[in-house]
There are 4 protein chains.
Amino acid sequence: MGRTPPSRRRGRPREAGLDRRILQAALDQLAALGFERMSLEAVAAQAGVTKPTLYRRWKSKADLATAALRMLQQSTFPPPTGNARQDVIANLREFQACLLRPNGMRMIGTLLVEEQRLPGLMRLFRERIVKTRRAALRRILADAVKRGELDKRADIEAALNCMVGAYYARYLAQGKFPADWPERTAGVALDGLPWRQ
Amino acid sequence: MGRTPPSRRRGRPREAGLDRRILQAALDQLAALGFERMSLEAVAAQAGVTKPTLYRRWKSKADLATAALRMLQQSTFPPPTGNARQDVIANLREFQACLLRPNGMRMIGTLLVEEQRLPGLMRLFRERIVKTRRAALRRILADAVKRGELDKRADIEAALNCMVGAYYARYLAQGKFPADWPERTAGVALDGLPWRQ
Amino acid sequence: MGRTPPSRRRGRPREAGLDRRILQAALDQLAALGFERMSLEAVAAQAGVTKPTLYRRWKSKADLATAALRMLQQSTFPPPTGNARQDVIANLREFQACLLRPNGMRMIGTLLVEEQRLPGLMRLFRERIVKTRRAALRRILADAVKRGELDKRADIEAALNCMVGAYYARYLAQGKFPADWPERTAGVALDGLPWRQ
Amino acid sequence: MGRTPPSRRRGRPREAGLDRRILQAALDQLAALGFERMSLEAVAAQAGVTKPTLYRRWKSKADLATAALRMLQQSTFPPPTGNARQDVIANLREFQACLLRPNGMRMIGTLLVEEQRLPGLMRLFRERIVKTRRAALRRILADAVKRGELDKRADIEAALNCMVGAYYARYLAQGKFPADWPERTAGVALDGLPWRQ
DNA sequence: AATGAATGAGCGTTCATTCAT
DNA sequence: AATGAATGAACGCTCATTCAT
């Protein structure tokens with residue numbers, strides 16, 4: 001039976017796990033210091049290699065940073081329970097944890113600062129991170145529509161932005177979140193304010 | 001009661017209006033390039049002075065940047081009409097204009113990136129810019145409460161964050177705003193979603 | 001008398017024509033950029049191989065450059081007609097064409113710059129290129145002596161240097177040659193200046 | 001009568017003689033190593049300053065090299081005696097001394113190598129060094145024309161190139177000069193070869 | 001024999017900051 | 001008060017060379 005495995009790759013093989021180590025080091029620095037202060041010297045040192053090793057893999061600092069950003073883990077969201085409100089709150093709670101991680105917001109800062117010079121960073125972040133979370137939230141509300149709990153004409157996009165955005169706004173205004181922020185945010189975004197009649 | 005006559009300052013007086021010119025140049029660069037890429041050489045050149053002139057006034061690049069940020073103009077908000085919904089929308093429309101200005105979001109990125117190293121920047125921004133806008137919005141809703149249109153228990157803070165935050169979230173997700181974004185945002189934050197029954 | 005049968009070379013044979021391709025690439029770069037700016041990376045790339053392939057054949061960049069210089073084509077000179085003056089002019093005309101080729105003089109510059117560090121380059125150039133042309137010119141004049149047209153005591157070496165050198169001098173002074181430069185140069189070197197009486 | 005000396009220059013004065021020291025260091029390296037191997041680090045070290053000090057004065061390595069070349073001393077030629085032949089020989093003897101100086105020919109090599117990338121170097125050399133020597137030689141022969149010793153139609157330019165060029169040619173062919181090279185060169189360039197009849 | 005990976009050293013340039021007038 | 005000069009430290013990037021397959 002035994003098929004010969006496909007012919008060995010030619011040349012000296014790359015040191016195992018090195019790409020990962022480099023990218024992790026780069027991501028660490030990018031998140032901790034921003035693009036400008038991230039230094040290839042330090043990235044190489046932290047990964048235990050020399051600078052030309054970086055250049056063999058990526059053709060510039062910008063390229064390395066982009067590749068590093070690709071490592072950013074997408075969140076794994078709690079499975080939906082079918083209760084729209086509870087699911088939204090669980091999602092927001094997880095979101096809150098992300099933002100409170102060290103460097104959680106700084107990476108977003110880097111994207112904003114470098115948006116003109118390195119548009120690829122923002123693009124990547126949108127496709128990898130933002131899109132995913134929004135899809136999860138959108139799904140929760142779309143299911144509620146399907147179940148007939150929510151009117152078809154609901155402005156789900158606007159609600160999404162309100163919910164997620166409440167965190168950004170709160171961070172910029174206060175820098176920290178009260179324990180019941182998911183509930184309060186969901187409360188407003190889903191039900192609005194208590195107008196009298 | 002003898003008022004002391006304003007004693008002549010000794011030594012050569014500072015050139016008039018120079019502080020302003022320097023700070024404006026610094027703010028320009030800070031907004032356009034971020035803190036790290038803002039260069040004192042360039043700031044001095046743009047202001048028509050030399051670097052030690054900057055150091056005579058501020059003791060470091062960080063200090064200068066902080067002082068420059070203090071120049072950021074606070075928005076002037078449209079006067080309230082008494083119609084809460086209209087007033088909110090008008091405010092958000094003005095907010096949208098700010099964010100769409102060149103460098104509108106980049107300055108926020110700088111604050112986030114430098115938050116640890118230069119906490120003063122964020123603090124200042126919160127006090128000068130964020131607080132002001134939030135106060136204006138809060139006032140609109142508080143007036144609605146006073147007039148009895150809105151229940152006292154309304155979570156005004158959460159609603160504020162939803163409204164303002166919807167812009168940040170939308171920017172991060174899309175980078176631009178549809179024309180009716182103020183209405184849509186206000187719609188969700190004030191009324192919530194159209195639940196059945 | 002038993003001839004040894006040509007023993008099979010052991011191991012993988014070298015790829016045919018590869019030496020040539022590498023040397024041609026090296027010569028191109030040497031002529032176009034000089035020794036210092038000639039990069040082994042680029043030479044390898046142009047030849048379609050990798051750098052260690054170069055090092056298997058030559059032990060250093062200097063060695064490769066020297067080997068490459070050996071590829072420089074010696075000129076083929078017009079056959080002598082027996083008319084010394086015409087033959088000299090024809091030779092100089094061909095010389096002029098060489099110098100006007102792109103990189104014609106730059107290679108000579110490289111030799112001069114690297115003379116101390118890589119004496120082999122200059123030595124090789126002298127033996128391969130300079131000697132050949134001078135021999136051709138010398139032959140023309142020696143034949144004239146043989147034919148009795150030129151006195152035996154003629155300082156042929158000095159005349160040689162005048163003729164060839166007039167080109168170098170003109171290049172350094174002007175960078176280009178008038179169309180009748182061979183005639184003018186031959187005129188002076190063969191006949192001198194028109195002194196009165 | 002003491003007039004007030006013109007107002008002091010503003011700012012910290014440049015360290016005395018520093019320009020000179022830097023340029024001399026640069027010229028040393030340029031002549032000894034060529035443009036490519038001349039390193040700003042080493043130039044600064046040799047001059048006892050730091051690299052940014054170089055950049056305050058010249059905006060790039062190319063600029064510094066050009067400025068350094070400007071330091072090259074033009075030769076001072078022996079005063080003409082009125083005897084054309086003797087004067088030519090004296091001039092050539094001095095020329096020979098220049099070329100035999102350490103790095104004498106290497107600088108010319110640098111000019112040739114960098115002619116495309118730094119055309120300013122060659123231009124400068126032509127204007128400063130080449131032109132001067134040629135003018136001196138041309139003057140000698142022009143005077144001979146004036147005195148009626150030499151026919152007006154003499155091709156002085158060609159003779160000039162023969163004389164000066166004989167040195168370049170000889171250097172490229174042999175690397176050294178016999179003691180009577182000035183006489184031999186002048187002999188051919190002024191009188192031509194001894195044709196019979 | 002040839003490959004692709006890795007290294008150590010060095011380069012030109014820029015910056016925030018301080019010094020000496 | 002303002003200037004022009006100088007510094008020390010870094011940075012992104014490239015190169016000739018060697019290693020491991």
# chains A, B, ... in the order shown; residues from 1 in each chain; ligands from 1

$ residues_around --residues "Asp180 in chain B" --least-positions-apart "3" --cutoff "10 Å" --atoms "only C-alpha atoms (C1' of nucleotides)" --output "PyMOL selection string"
chain B and resi 89+93+177+183-185

$ residues_around --residues "DA16 in chain F" --least-positions-apart "5" --cutoff "10 Å" --atoms "only C-alpha atoms (C1' of nucleotides)" --output "ChimeraX atom specification"
/C:39-41,51,60-61 /E:9

$ closest_residue --among "D:Arg138, D:Lys59, D:Arg14, D:Lys131" --to "chain C" --atoms "only C-alpha atoms"
D:Lys131

$ interface_residues --of "chain E" --to "chain D" --cutoff "8 Å" --atoms "only C-alpha atoms (C1' of nucleotides)" --output "list in words"
DC11, DG12, DA20 and DT21 of chain E

$ write_last_selection --atoms "N, CA and C atoms (P, O5', C5', C4', C3', O3' and C1' of nucleotides)" --output "compact mmCIF listing (two decimals), in the first residue's frame"
# COMPACT_ATOMS: atom_id res chain seq x y z
P DC E 11 29.95 50.90 7.90
O5' DC E 11 28.73 51.41 7.04
C5' DC E 11 28.48 50.81 5.76
C4' DC E 11 27.12 51.25 5.33
C3' DC E 11 26.88 52.72 5.64
O3' DC E 11 27.00 53.47 4.46
C1' DC E 11 24.99 51.36 6.24
P DG E 12 27.31 55.03 4.59
O5' DG E 12 25.84 55.62 4.45
C5' DG E 12 25.10 55.33 3.26
C4' DG E 12 23.68 55.82 3.42
C3' DG E 12 23.55 57.31 3.72
O3' DG E 12 22.40 57.78 3.03
C1' DG E 12 22.63 56.07 5.50
P DA E 20 28.42 73.86 26.65
O5' DA E 20 28.38 75.05 25.61
C5' DA E 20 28.78 74.80 24.27
C4' DA E 20 28.65 76.07 23.46
C3' DA E 20 29.16 77.33 24.15
O3' DA E 20 29.62 78.17 23.12
C1' DA E 20 26.92 77.62 23.68
P DT E 21 30.74 79.17 23.35
O5' DT E 21 30.33 80.29 22.30
C5' DT E 21 29.71 81.44 22.79
C4' DT E 21 28.50 81.74 21.93
C3' DT E 21 28.21 83.22 21.97
O3' DT E 21 28.86 83.83 20.84
C1' DT E 21 26.24 81.87 22.02

$ interface_residues --of "chain F" --to "chain A" --cutoff "9 Å" --atoms "only C-alpha atoms (C1' of nucleotides)" --output "list in words"
DC11, DG12, DC13, DT14, DC19, DA20 and DT21 of chain F

$ write_last_selection --atoms "N, CA and C atoms (P, O5', C5', C4', C3', O3' and C1' of nucleotides)" --output "compact mmCIF listing (two decimals), in the first residue's frame"
# COMPACT_ATOMS: atom_id res chain seq x y z
P DC F 11 14.97 50.97 17.90
O5' DC F 11 14.66 51.36 16.40
C5' DC F 11 14.03 52.61 16.09
C4' DC F 11 14.12 52.77 14.60
C3' DC F 11 13.97 51.45 13.89
O3' DC F 11 12.82 51.44 13.10
C1' DC F 11 15.83 52.69 13.04
P DG F 12 12.21 50.01 12.73
O5' DG F 12 12.48 50.02 11.17
C5' DG F 12 11.98 51.09 10.39
C4' DG F 12 12.59 51.03 9.01
C3' DG F 12 12.42 49.69 8.30
O3' DG F 12 12.20 49.96 6.92
C1' DG F 12 14.71 50.13 8.58
P DC F 13 11.82 48.76 5.93
O5' DC F 13 13.24 48.36 5.33
C5' DC F 13 14.01 49.37 4.68
C4' DC F 13 15.41 48.86 4.45
C3' DC F 13 15.50 47.51 3.74
O3' DC F 13 15.92 47.77 2.41
C1' DC F 13 17.15 47.77 5.45
P DT F 14 16.07 46.60 1.39
O5' DT F 14 17.64 46.29 1.41
C5' DT F 14 18.54 47.38 1.39
C4' DT F 14 19.95 46.82 1.35
C3' DT F 14 20.09 45.53 0.56
O3' DT F 14 21.20 45.71 -0.33
C1' DT F 14 21.01 45.26 2.73
P DC F 19 29.52 27.18 8.33
O5' DC F 19 28.00 26.72 8.46
C5' DC F 19 27.14 27.52 9.25
C4' DC F 19 25.72 26.96 9.18
C3' DC F 19 25.64 25.44 9.18
O3' DC F 19 24.67 25.10 10.15
C1' DC F 19 24.45 26.31 7.33
P DA F 20 24.49 23.62 10.61
O5' DA F 20 23.25 23.14 9.73
C5' DA F 20 22.02 23.82 9.86
C4' DA F 20 21.01 23.19 8.92
C3' DA F 20 20.98 21.67 8.93
O3' DA F 20 19.65 21.30 8.67
C1' DA F 20 21.47 22.37 6.77
P DT F 21 19.14 19.92 9.14
O5' DT F 21 18.55 19.24 7.86
C5' DT F 21 17.58 19.63 7.07
C4' DT F 21 17.82 19.60 5.60
C3' DT F 21 17.66 18.25 4.91
O3' DT F 21 16.26 18.00 4.76
C1' DT F 21 19.07 19.79 3.75

$ select_by_dssp --residues "chain C" --states "helix (DSSP H, G or I)" --output "ChimeraX atom specification"
/C:18-33,40-47,51-57,61-69,84-100,104-113,119-146,156-173,181-191

$ closest_atom_pairs --of "chain A" --to "chain B" --cutoff "8 Å" --atoms "only C-alpha atoms" --output "JSON lines"
{"residue": "A:Leu33", "atom": "CA", "partner": "B:Val113", "partner_atom": "CA", "distance": 7.2}
{"residue": "A:Gly34", "atom": "CA", "partner": "B:Val113", "partner_atom": "CA", "distance": 6.2}
{"residue": "A:Glu36", "atom": "CA", "partner": "B:Glu36", "partner_atom": "CA", "distance": 6.6}
{"residue": "A:Arg37", "atom": "CA", "partner": "B:Glu36", "partner_atom": "CA", "distance": 7.6}
{"residue": "A:Met105", "atom": "CA", "partner": "B:Leu112", "partner_atom": "CA", "distance": 6.4}
{"residue": "A:Arg106", "atom": "CA", "partner": "B:Val113", "partner_atom": "CA", "distance": 4.8}
{"residue": "A:Met107", "atom": "CA", "partner": "B:Val113", "partner_atom": "CA", "distance": 7.2}
{"residue": "A:Ile108", "atom": "CA", "partner": "B:Gly109", "partner_atom": "CA", "distance": 7.0}
{"residue": "A:Gly109", "atom": "CA", "partner": "B:Gly109", "partner_atom": "CA", "distance": 3.7}
{"residue": "A:Thr110", "atom": "CA", "partner": "B:Val113", "partner_atom": "CA", "distance": 6.0}
{"residue": "A:Leu111", "atom": "CA", "partner": "B:Gly109", "partner_atom": "CA", "distance": 7.2}
{"residue": "A:Leu112", "atom": "CA", "partner": "B:Gly109", "partner_atom": "CA", "distance": 4.8}
{"residue": "A:Val113", "atom": "CA", "partner": "B:Arg106", "partner_atom": "CA", "distance": 4.8}
{"residue": "A:Glu114", "atom": "CA", "partner": "B:Arg106", "partner_atom": "CA", "distance": 7.9}
{"residue": "A:Glu115", "atom": "CA", "partner": "B:Arg106", "partner_atom": "CA", "distance": 7.9}
{"residue": "A:Arg126", "atom": "CA", "partner": "B:Ala173", "partner_atom": "CA", "distance": 5.9}
{"residue": "A:Val130", "atom": "CA", "partner": "B:Ala173", "partner_atom": "CA", "distance": 6.3}
{"residue": "A:Lys131", "atom": "CA", "partner": "B:Ala173", "partner_atom": "CA", "distance": 7.3}
{"residue": "A:Gly148", "atom": "CA", "partner": "B:Arg196", "partner_atom": "CA", "distance": 7.6}
{"residue": "A:Glu149", "atom": "CA", "partner": "B:Arg196", "partner_atom": "CA", "distance": 5.7}
{"residue": "A:Leu150", "atom": "CA", "partner": "B:Trp195", "partner_atom": "CA", "distance": 4.7}
{"residue": "A:Asp151", "atom": "CA", "partner": "B:Pro194", "partner_atom": "CA", "distance": 5.7}
{"residue": "A:Arg153", "atom": "CA", "partner": "B:Pro194", "partner_atom": "CA", "distance": 7.8}
{"residue": "A:Ala154", "atom": "CA", "partner": "B:Leu193", "partner_atom": "CA", "distance": 5.9}
{"residue": "A:Asp155", "atom": "CA", "partner": "B:Leu193", "partner_atom": "CA", "distance": 7.2}
{"residue": "A:Ala158", "atom": "CA", "partner": "B:Thr185", "partner_atom": "CA", "distance": 5.8}
{"residue": "A:Ala159", "atom": "CA", "partner": "B:Val188", "partner_atom": "CA", "distance": 6.0}
{"residue": "A:Asn161", "atom": "CA", "partner": "B:Ala166", "partner_atom": "CA", "distance": 4.5}
{"residue": "A:Cys162", "atom": "CA", "partner": "B:Cys162", "partner_atom": "CA", "distance": 4.4}
{"residue": "A:Met163", "atom": "CA", "partner": "B:Cys162", "partner_atom": "CA", "distance": 6.3}
{"residue": "A:Val164", "atom": "CA", "partner": "B:Ala169", "partner_atom": "CA", "distance": 6.2}
{"residue": "A:Gly165", "atom": "CA", "partner": "B:Gly165", "partner_atom": "CA", "distance": 3.7}
{"residue": "A:Ala166", "atom": "CA", "partner": "B:Cys162", "partner_atom": "CA", "distance": 4.4}
{"residue": "A:Tyr167", "atom": "CA", "partner": "B:Gly165", "partner_atom": "CA", "distance": 7.0}
{"residue": "A:Tyr168", "atom": "CA", "partner": "B:Gly165", "partner_atom": "CA", "distance": 5.8}
{"residue": "A:Ala169", "atom": "CA", "partner": "B:Gly165", "partner_atom": "CA", "distance": 4.6}
{"residue": "A:Arg170", "atom": "CA", "partner": "B:Asn161", "partner_atom": "CA", "distance": 6.0}
{"residue": "A:Leu172", "atom": "CA", "partner": "B:Arg126", "partner_atom": "CA", "distance": 7.1}
{"residue": "A:Ala173", "atom": "CA", "partner": "B:Arg126", "partner_atom": "CA", "distance": 5.9}
{"residue": "A:Gln174", "atom": "CA", "partner": "B:Arg126", "partner_atom": "CA", "distance": 7.9}
{"residue": "A:Arg184", "atom": "CA", "partner": "B:Ala158", "partner_atom": "CA", "distance": 6.2}
{"residue": "A:Thr185", "atom": "CA", "partner": "B:Ala158", "partner_atom": "CA", "distance": 5.8}
{"residue": "A:Val188", "atom": "CA", "partner": "B:Ala159", "partner_atom": "CA", "distance": 6.0}
{"residue": "A:Ala189", "atom": "CA", "partner": "B:Gly192", "partner_atom": "CA", "distance": 5.2}
{"residue": "A:Leu190", "atom": "CA", "partner": "B:Gly192", "partner_atom": "CA", "distance": 4.6}
{"residue": "A:Asp191", "atom": "CA", "partner": "B:Gly192", "partner_atom": "CA", "distance": 3.8}
{"residue": "A:Gly192", "atom": "CA", "partner": "B:Gly192", "partner_atom": "CA", "distance": 3.5}
{"residue": "A:Leu193", "atom": "CA", "partner": "B:Leu190", "partner_atom": "CA", "distance": 5.1}
{"residue": "A:Pro194", "atom": "CA", "partner": "B:Asp151", "partner_atom": "CA", "distance": 5.8}
{"residue": "A:Trp195", "atom": "CA", "partner": "B:Leu150", "partner_atom": "CA", "distance": 4.7}
{"residue": "A:Arg196", "atom": "CA", "partner": "B:Glu149", "partner_atom": "CA", "distance": 5.7}

$ calpha_fit_rmsd --fixed "chain A" --moving "chain B"
1.8 Å

$ atom_distance --atom1 "CA of Lys146 in chain D" --atom2 "CA of Asn83 in chain D"
12.6 Å

$ residues_around --residues "Phe77 in chain B" --least-positions-apart "4" --cutoff "9 Å" --atoms "only C-alpha atoms (C1' of nucleotides)" --output "list in words"
Ala90, Asn91, Glu94, Arg133 and Ala136 of chain B

$ write_last_selection --atoms "N, CA and C atoms" --output "mmCIF file, in the first residue's frame"
data_model
loop_
_atom_site.group_PDB
_atom_site.id
_atom_site.type_symbol
_atom_site.label_atom_id
_atom_site.label_comp_id
_atom_site.auth_asym_id
_atom_site.auth_seq_id
_atom_site.Cartn_x
_atom_site.Cartn_y
_atom_site.Cartn_z
ATOM 1 N N ALA B 90 -29.747 66.738 15.447
ATOM 2 C CA ALA B 90 -28.893 67.868 15.058
ATOM 3 C C ALA B 90 -27.501 67.717 15.662
ATOM 4 N N ASN B 91 -27.479 67.309 16.902
ATOM 5 C CA ASN B 91 -26.179 67.123 17.560
ATOM 6 C C ASN B 91 -25.373 66.027 16.869
ATOM 7 N N GLU B 94 -23.838 67.115 13.645
ATOM 8 C CA GLU B 94 -22.625 67.916 13.821
ATOM 9 C C GLU B 94 -21.445 66.991 14.181
ATOM 10 N N ARG B 133 -19.436 67.334 24.558
ATOM 11 C CA ARG B 133 -20.487 66.820 23.695
ATOM 12 C C ARG B 133 -21.506 66.015 24.505
ATOM 13 N N ALA B 136 -23.885 68.157 26.281
ATOM 14 C CA ALA B 136 -24.920 68.726 25.414
ATOM 15 C C ALA B 136 -26.035 67.714 25.166
#

$ residues_around --residues "range 140-142 of chain A" --least-positions-apart "6" --cutoff "8 Å" --atoms "only C-alpha atoms (C1' of nucleotides)" --output "list of chain:residue names"
A:Pro80, A:Gly82, A:Ala84, A:Asp87, A:Val88, A:Leu150, A:Ile156
